[in-house]
Amino acid sequence: MKTPEVLVVDDFLPQESWDRLLNQVQCDEWTQSQPDDKYWHITDGANYKASKRFLRDAPFNDNYDIWADAIRAFADSEPAQEYVAGYTDIAMRCHGYPVGSKNPWHTDMGGVTYSYYLHKHWQINWDSMLLVLPKDSVEYKQMMRKLPGTKQQDTYAGTGTLEMFEQAEKQKGLIEHGMGYFVAPKPNRLVLINKNVVHGITRVDKDAGENVRLTMTGFFNFFKAQVVNV
């Protein structure tokens, strides 16, 4: 599927590469997201993330090189270039969503991002769907307005922050529009999400049991290196 909002590619990795990447992430360093990470709100359930890597640092001399090669080849392909032309780097890390976790409506800070569904099995009634609003259908300002005297103390220093508690007013436009489409977390599917697209991930249903929604995710960076004259 190709729309102004997303580009979806199925059967993204060969079976052996898929197996080796899944094996590798299980040997990574994992942490649970804390309330300070406001991409998830405190009512969104536990979620877990492996260590972050960047394409610029490849090769890694492990099976993460499989992903580095695959996402680079994809980014340089003609379909993806319509969304990411001029990118300078790609971030990559694995996220795990167990039963009860979700990701609320957001815009990925206005950047272009991707999600690759690394898990081997998923049932449609396990939910955890990617929900997408049509581009430019709502006016949604993700960053929280800071009042005089408020100082940034969390990990978003220099970039702004997202609300932890007061979100209702900001989200009125989403429910008033109230229409869009979903993309299921089908195994071995890659989804590229265009910049400024409002989207969210529904909660993993209890029917999923011990199954975890695993995704390779990251931003496409467009920062240019600064040239310093000495």
# chains A, B, ... in the order shown; residues from 1 in each chain; ligands from 1
$ residues_around --residues "range 121-137 of chain A" --least-positions-apart "4" --cutoff "8 Å" --atoms "only C-alpha atoms" --output "PyMOL selection string"
chain A and resi 4-5+102+177+179-187+196-208+211+213
$ residues_around --residues "Trp40 in chain A" --least-positions-apart "6" --cutoff "9 Å" --atoms "only C-alpha atoms" --output "number ranges by chain"
A: 33-34, 47, 102-104, 164
$ write_last_selection --atoms "C-alpha atoms" --output "PDB file, in the first residue's frame"
ATOM      1  CA  SER A  33      10.264   2.908  29.310  1.00  0.00           C
ATOM      2  CA  GLN A  34       9.871   5.248  32.266  1.00  0.00           C
ATOM      3  CA  ASN A  47       6.642  -1.218  27.053  1.00  0.00           C
ATOM      4  CA  LYS A 102      -0.328   0.884  23.579  1.00  0.00           C
ATOM      5  CA  ASN A 103       1.098   4.047  22.047  1.00  0.00           C
ATOM      6  CA  PRO A 104      -1.151   7.134  22.071  1.00  0.00           C
ATOM      7  CA  MET A 164       1.812  13.730  30.886  1.00  0.00           C
TER       8      MET A 164
END
$ atom_distance --atom1 "CA of Trp105 in chain A" --atom2 "CA of Gly218 in chain A"
16.9 Å
$ closest_residue --among "A:Lys172, A:Lys38, A:Arg56, A:His106" --to "Tyr156 in chain A" --atoms "only C-alpha atoms"
A:Lys38
$ residues_around --residues "Ala80 in chain A" --least-positions-apart "4" --cutoff "10 Å" --atoms "only C-alpha atoms" --output "ChimeraX atom specification"
/A:2,7,73-76,84-85,192
$ closest_residue --among "A:Gln153, A:Thr31, A:Asn63, A:Asn188" --to "Tyr116 in chain A" --atoms "only C-alpha atoms"
A:Asn188
$ select_by_dssp --residues "range 166-199 of chain A" --states "helix (DSSP H, G or I)" --output "PyMOL selection string"
chain A and resi 172-177
$ write_last_selection --atoms "N, CA and C atoms" --output "compact mmCIF listing (two decimals), in the first residue's frame"
# COMPACT_ATOMS: atom_id res chain seq x y z
N LYS A 172 -9.19 17.05 20.92
CA LYS A 172 -10.57 17.27 20.48
C LYS A 172 -10.70 17.14 18.96
N GLY A 173 -9.75 17.68 18.23
CA GLY A 173 -9.83 17.63 16.78
C GLY A 173 -9.78 16.22 16.23
N LEU A 174 -9.09 15.31 16.95
CA LEU A 174 -8.98 13.93 16.49
C LEU A 174 -10.33 13.23 16.56
N ILE A 175 -11.04 13.38 17.66
CA ILE A 175 -12.34 12.72 17.79
C ILE A 175 -13.39 13.40 16.92
N GLU A 176 -13.27 14.70 16.72
CA GLU A 176 -14.24 15.40 15.88
C GLU A 176 -14.12 14.97 14.43
N HIS A 177 -12.89 14.74 13.96
CA HIS A 177 -12.74 14.18 12.61
C HIS A 177 -13.12 12.70 12.62
$ atom_distance --atom1 "CA of Thr43 in chain A" --atom2 "CA of Ile193 in chain A"
24.4 Å
$ closest_residue --among "A:Lys49, A:Gln171, A:Ser17, A:Tyr83" --to "Asp37 in chain A" --atoms "only C-alpha atoms"
A:Lys49
$ residues_around --residues "Leu21 in chain A" --least-positions-apart "4" --cutoff "12 Å" --atoms "only C-alpha atoms" --output "count of residues only"
29
$ closest_residue --among "A:Gly149, A:Asn194, A:His95, A:Lys170" --to "Thr3 in chain A" --atoms "only C-alpha atoms"
A:Asn194
$ atom_distance --atom1 "CA of Val9 in chain A" --atom2 "CA of Thr113 in chain A"
14.1 Å
$ select_by_dssp --residues "range 35-207 of chain A" --states "strand (DSSP E or B)" --output "JSON, numbers by chain"
{"A": [48, 49, 50, 53, 54, 89, 90, 91, 92, 93, 94, 95, 96, 97, 103, 104, 105, 106, 112, 113, 114, 115, 116, 117, 127, 130, 131, 132, 181, 182, 183, 190, 191, 192, 193, 199, 200, 201, 204]}
$ closest_residue --among "A:Glu139, A:Glu210, A:Glu166, A:Glu82" --to "Val6 in chain A" --atoms "only C-alpha atoms"
A:Glu82
